[in-house]
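Asker: Provided herewith is a single structure, encoded as structure tokens, for subsequent inquiry.
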Amino acid sequence: LTGIKTIFYSPAGLLHRINVDAIPVSATETLADRFQLIELNSTRQLVVANEIKYTNKEAVLYGGVDFDAPGDSATRGGAWNYLPGTENEINSLEKIMRSASLKTNVKKGMDATEESFKRIGSTNSPKILHIATHGYFFPDPKAKAGDSSLPAGSQEPVFKMSDHPMLRSGLILSGGNKGWEGDRSLEGKEDGVLTAYEISQMNLSNTELVVLSACETGLGTIRGNEGVYGLQRAFKIAGAKYLIMSLWQVPDKQTSLLMTTFYKKWLTGKKTIPNAFHEAQKQLRESGLDP
């Protein structure tokens with residue numbers, strides 16, 4: 001790798017769960033200090049030109065989601081808890097995006113529904129789709145019994161036991177506690193649990209960037225590399241060009257700082273998405289934060 005500055009790589013298996021950028025190569029340096037590492041879903045992306053020009057100026061942001069059904073006090077304190085950090089995050093990002101002349105549409109509280117999300121894929125999708133909510137990832141139930149990333153006190157949901165890897169990963173949207181717990185009254189309606197499979201059926205070909213952002217309690221424990229891959233693959237099949245996602249719990253402050261720094265460098269600093277993200281990570285490392 002002498003003289004090489006940029007590395008494109010396509011991970012398999014457990015490597016999906018490793019942030020290669022953060023691997024230390026000395027007491028003071030990580031791999032990201034030496035190389036620009038660009039992860040691809042497939043190395044085929046290097047030979048198939050993506051000449052789409054993303055001219056639309058729209059951003060849709062999900063955060064501050066209410067996971068309980070309206071007026072239903074019985075489900076309060078259900079499987080998924082409200083994430084206050086996510087509302088602050090999308091509010092601050094909305095300001096940055098507006099100052100970069102983007103038309104922003106914020107979905108929070110009870111408005112962050114699965115129906116509203118699926119409508120994004122039925123019209124011209126936005127340039128940016130930023131989602132700050134709970135996600136779930138389960139391993140193949142046949143591969144290893146007893147490995148669980150369930151919130152405490154909940155039963156085994158159908159999503160965990162499915163044979164289909166794209167049902168074993170997904171995102172929780174408003175009212176999702178009822179759907180998660182298998183409420184029968186939801187038949188014929190969306191249940192608030194957006195599976196990777198459902199995402200893969202959408203058309204996000206006008207979307208340049210999807211961000212799956214997790215604050216401290218966000219994405220939960222990731223068990224099973226297939227699950228992480230399921231969600232990545234779903235957005236790629238749907239046609240999104242870039243995907244940024246958290247692989248582990250990240251404190252609110254660092255998440256917020258990384259995201260605001262990244263968006264400023266990309267939208268107002270006019271850097272490419274990989275360069276803007278790389279520079280934002282570098283700036284946080286240099287300010288003394290853990291890689």
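Residues in the structure tokens are numbered from 1 in each chain, the chains being A, B, ... in the order shown, and ligands are numbered from 1 in the order shown.
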Tell me which protein, DNA and RNA residues are within 7 Å of range 49-66 of chain A, counting only C-alpha atoms, leaving out same-chain ones fewer than 4 positions away, and put them as a count of residues only.

Answerer: 29

Asker: Quick check, in Å to one decimal: how far apart do CA of Pro141 in chain A and CA of Ala69 in chain A lie?

Answerer: 29.0 Å

Asker: Please measure the separation of CA of Ile199 in chain A and CA of Ala238 in chain A, giving the value in Å to one decimal.

Answerer: 6.7 Å

Asker: Can you tell me, as a list in words, what residues are no more than 9 Å from range 268-274 of chain A when counting only C-alpha atoms, ignoring any on the same chain fewer than 5 positions away?

Answerer: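 Contacts, with the query itself left out: Gln36, Leu37, Ile38, Ile96, Ser99, Ala100, Leu209, Tyr242, Phe262, Tyr263 and Glu279 of chain A.
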
Asker: Keeping only N, CA and C atoms, take the residues you just selected and write them out as a JSON list (two decimals), in the first residue's frame.

Answerer:
```json
[["chain", "number", "residue", "atom", "x", "y", "z"],
["A", 36, "GLN", "N", -7.94, 6.98, 3.02],
["A", 36, "GLN", "CA", -9.37, 7.23, 2.92],
["A", 36, "GLN", "C", -10.00, 5.89, 2.54],
["A", 37, "LEU", "N", -10.80, 5.34, 3.47],
["A", 37, "LEU", "CA", -11.40, 4.02, 3.28],
["A", 37, "LEU", "C", -12.84, 4.19, 2.83],
["A", 38, "ILE", "N", -13.18, 3.61, 1.67],
["A", 38, "ILE", "CA", -14.54, 3.74, 1.15],
["A", 38, "ILE", "C", -15.16, 2.36, 1.01],
["A", 96, "ILE", "N", -29.40, 23.69, 9.40],
["A", 96, "ILE", "CA", -28.25, 23.64, 8.48],
["A", 96, "ILE", "C", -28.75, 23.43, 7.05],
["A", 99, "SER", "N", -30.38, 26.49, 5.59],
["A", 99, "SER", "CA", -29.41, 27.53, 5.21],
["A", 99, "SER", "C", -28.68, 27.14, 3.92],
["A", 100, "ALA", "N", -28.72, 25.84, 3.57],
["A", 100, "ALA", "CA", -28.12, 25.41, 2.29],
["A", 100, "ALA", "C", -29.19, 25.34, 1.19],
["A", 209, "LEU", "N", -28.34, 10.38, -0.38],
["A", 209, "LEU", "CA", -27.83, 9.98, 0.93],
["A", 209, "LEU", "C", -28.94, 9.55, 1.88],
["A", 242, "TYR", "N", -25.59, 6.68, -1.27],
["A", 242, "TYR", "CA", -24.72, 6.57, -0.09],
["A", 242, "TYR", "C", -25.55, 6.25, 1.15],
["A", 262, "PHE", "N", -20.49, 17.06, 9.54],
["A", 262, "PHE", "CA", -20.54, 16.42, 8.22],
["A", 262, "PHE", "C", -21.43, 17.20, 7.25],
["A", 263, "TYR", "N", -22.64, 17.52, 7.68],
["A", 263, "TYR", "CA", -23.58, 18.20, 6.76],
["A", 263, "TYR", "C", -23.06, 19.58, 6.34],
["A", 279, "GLU", "N", -13.57, 13.96, 6.68],
["A", 279, "GLU", "CA", -13.05, 15.18, 7.34],
["A", 279, "GLU", "C", -13.75, 15.45, 8.67]]
```

Asker: Could you check the closest approach to Val193 in chain A for each of A:Gln254, A:Phe235, A:Glu114, A:Thr207 and tell me which residue wins, using only C-alpha atoms?

Answerer: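 Closest to Val193 in chain A of all the choices is A:Glu114.
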
Asker: Taking only C-alpha atoms into account, name the residue in A:Ala22, A:Ala280, A:Arg34, A:Lys253 that is nearest to Ile4 in chain A.

Answerer: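 Result for the nearest residue to Ile4 in chain A: A:Arg34.
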
Asker: Looking at only C-alpha atoms, which of A:Asp68, A:Asp140, A:Asp21, A:Glu29 is the one that sits closest to Met166 in chain A?

Answerer: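 Of the candidates, the smallest distance to Met166 in chain A is held by A:Asp140.
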
Asker: Ser162 in chain A: which residues within 12 Å, counting only C-alpha atoms, same-chain residues fewer than 6 positions away excluded, as a PDB file with N, CA and C atoms, in the first residue's frame?

Answerer:
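Done, and the output landed in result_20.pdb:
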```pdb
ATOM      1  N   PHE A 137     -31.853  -5.740  14.875  1.00  0.00           N
ATOM      2  CA  PHE A 137     -31.060  -6.675  14.075  1.00  0.00           C
ATOM      3  C   PHE A 137     -31.038  -7.994  14.822  1.00  0.00           C
ATOM      4  N   PHE A 138     -31.508  -9.045  14.199  1.00  0.00           N
ATOM      5  CA  PHE A 138     -31.478 -10.345  14.871  1.00  0.00           C
ATOM      6  C   PHE A 138     -30.713 -11.362  14.038  1.00  0.00           C
ATOM      7  N   PRO A 139     -30.023 -12.280  14.701  1.00  0.00           N
ATOM      8  CA  PRO A 139     -29.314 -13.332  13.970  1.00  0.00           C
ATOM      9  C   PRO A 139     -30.293 -14.384  13.465  1.00  0.00           C
ATOM     10  N   ASP A 140     -29.811 -15.250  12.612  1.00  0.00           N
ATOM     11  CA  ASP A 140     -30.617 -16.371  12.119  1.00  0.00           C
ATOM     12  C   ASP A 140     -31.021 -17.229  13.319  1.00  0.00           C
ATOM     13  N   PRO A 141     -32.334 -17.415  13.567  1.00  0.00           N
ATOM     14  CA  PRO A 141     -32.739 -18.163  14.764  1.00  0.00           C
ATOM     15  C   PRO A 141     -32.232 -19.607  14.745  1.00  0.00           C
ATOM     16  N   LYS A 142     -31.973 -20.123  13.553  1.00  0.00           N
ATOM     17  CA  LYS A 142     -31.479 -21.508  13.450  1.00  0.00           C
ATOM     18  C   LYS A 142     -29.984 -21.585  13.786  1.00  0.00           C
ATOM     19  N   GLU A 156     -40.950 -12.761  22.485  1.00  0.00           N
ATOM     20  CA  GLU A 156     -40.229 -12.949  21.230  1.00  0.00           C
ATOM     21  C   GLU A 156     -41.100 -12.449  20.075  1.00  0.00           C
ATOM     22  N   ARG A 168     -35.600  -9.744   9.708  1.00  0.00           N
ATOM     23  CA  ARG A 168     -34.926  -9.729  11.006  1.00  0.00           C
ATOM     24  C   ARG A 168     -34.127  -8.448  11.234  1.00  0.00           C
ATOM     25  N   SER A 169     -34.286  -7.477  10.348  1.00  0.00           N
ATOM     26  CA  SER A 169     -33.694  -6.156  10.604  1.00  0.00           C
ATOM     27  C   SER A 169     -34.665  -5.108  10.101  1.00  0.00           C
ATOM     28  N   THR A 195     -39.621  -3.051   8.015  1.00  0.00           N
ATOM     29  CA  THR A 195     -38.595  -4.078   7.847  1.00  0.00           C
ATOM     30  C   THR A 195     -37.669  -3.739   6.680  1.00  0.00           C
ATOM     31  N   TYR A 197     -37.011  -5.662   4.350  1.00  0.00           N
ATOM     32  CA  TYR A 197     -37.684  -6.143   3.135  1.00  0.00           C
ATOM     33  C   TYR A 197     -38.593  -5.051   2.556  1.00  0.00           C
ATOM     34  N   GLY A 227     -28.087  -9.202   9.961  1.00  0.00           N
ATOM     35  CA  GLY A 227     -29.064  -8.154  10.201  1.00  0.00           C
ATOM     36  C   GLY A 227     -28.572  -6.792   9.761  1.00  0.00           C
TER      37      GLY A 227
END
```

Asker: Could you go through range 5-154 of chain A and tell me which residues DSSP, when run on the backbone, assigns to strand (DSSP E), listing them as a count of residues only?

Answerer: 31

Asker: Give me every alpha helix (DSSP H) residue in range 33-111 of chain A, going by DSSP on the backbone, as a count of residues only.

Answerer: 18
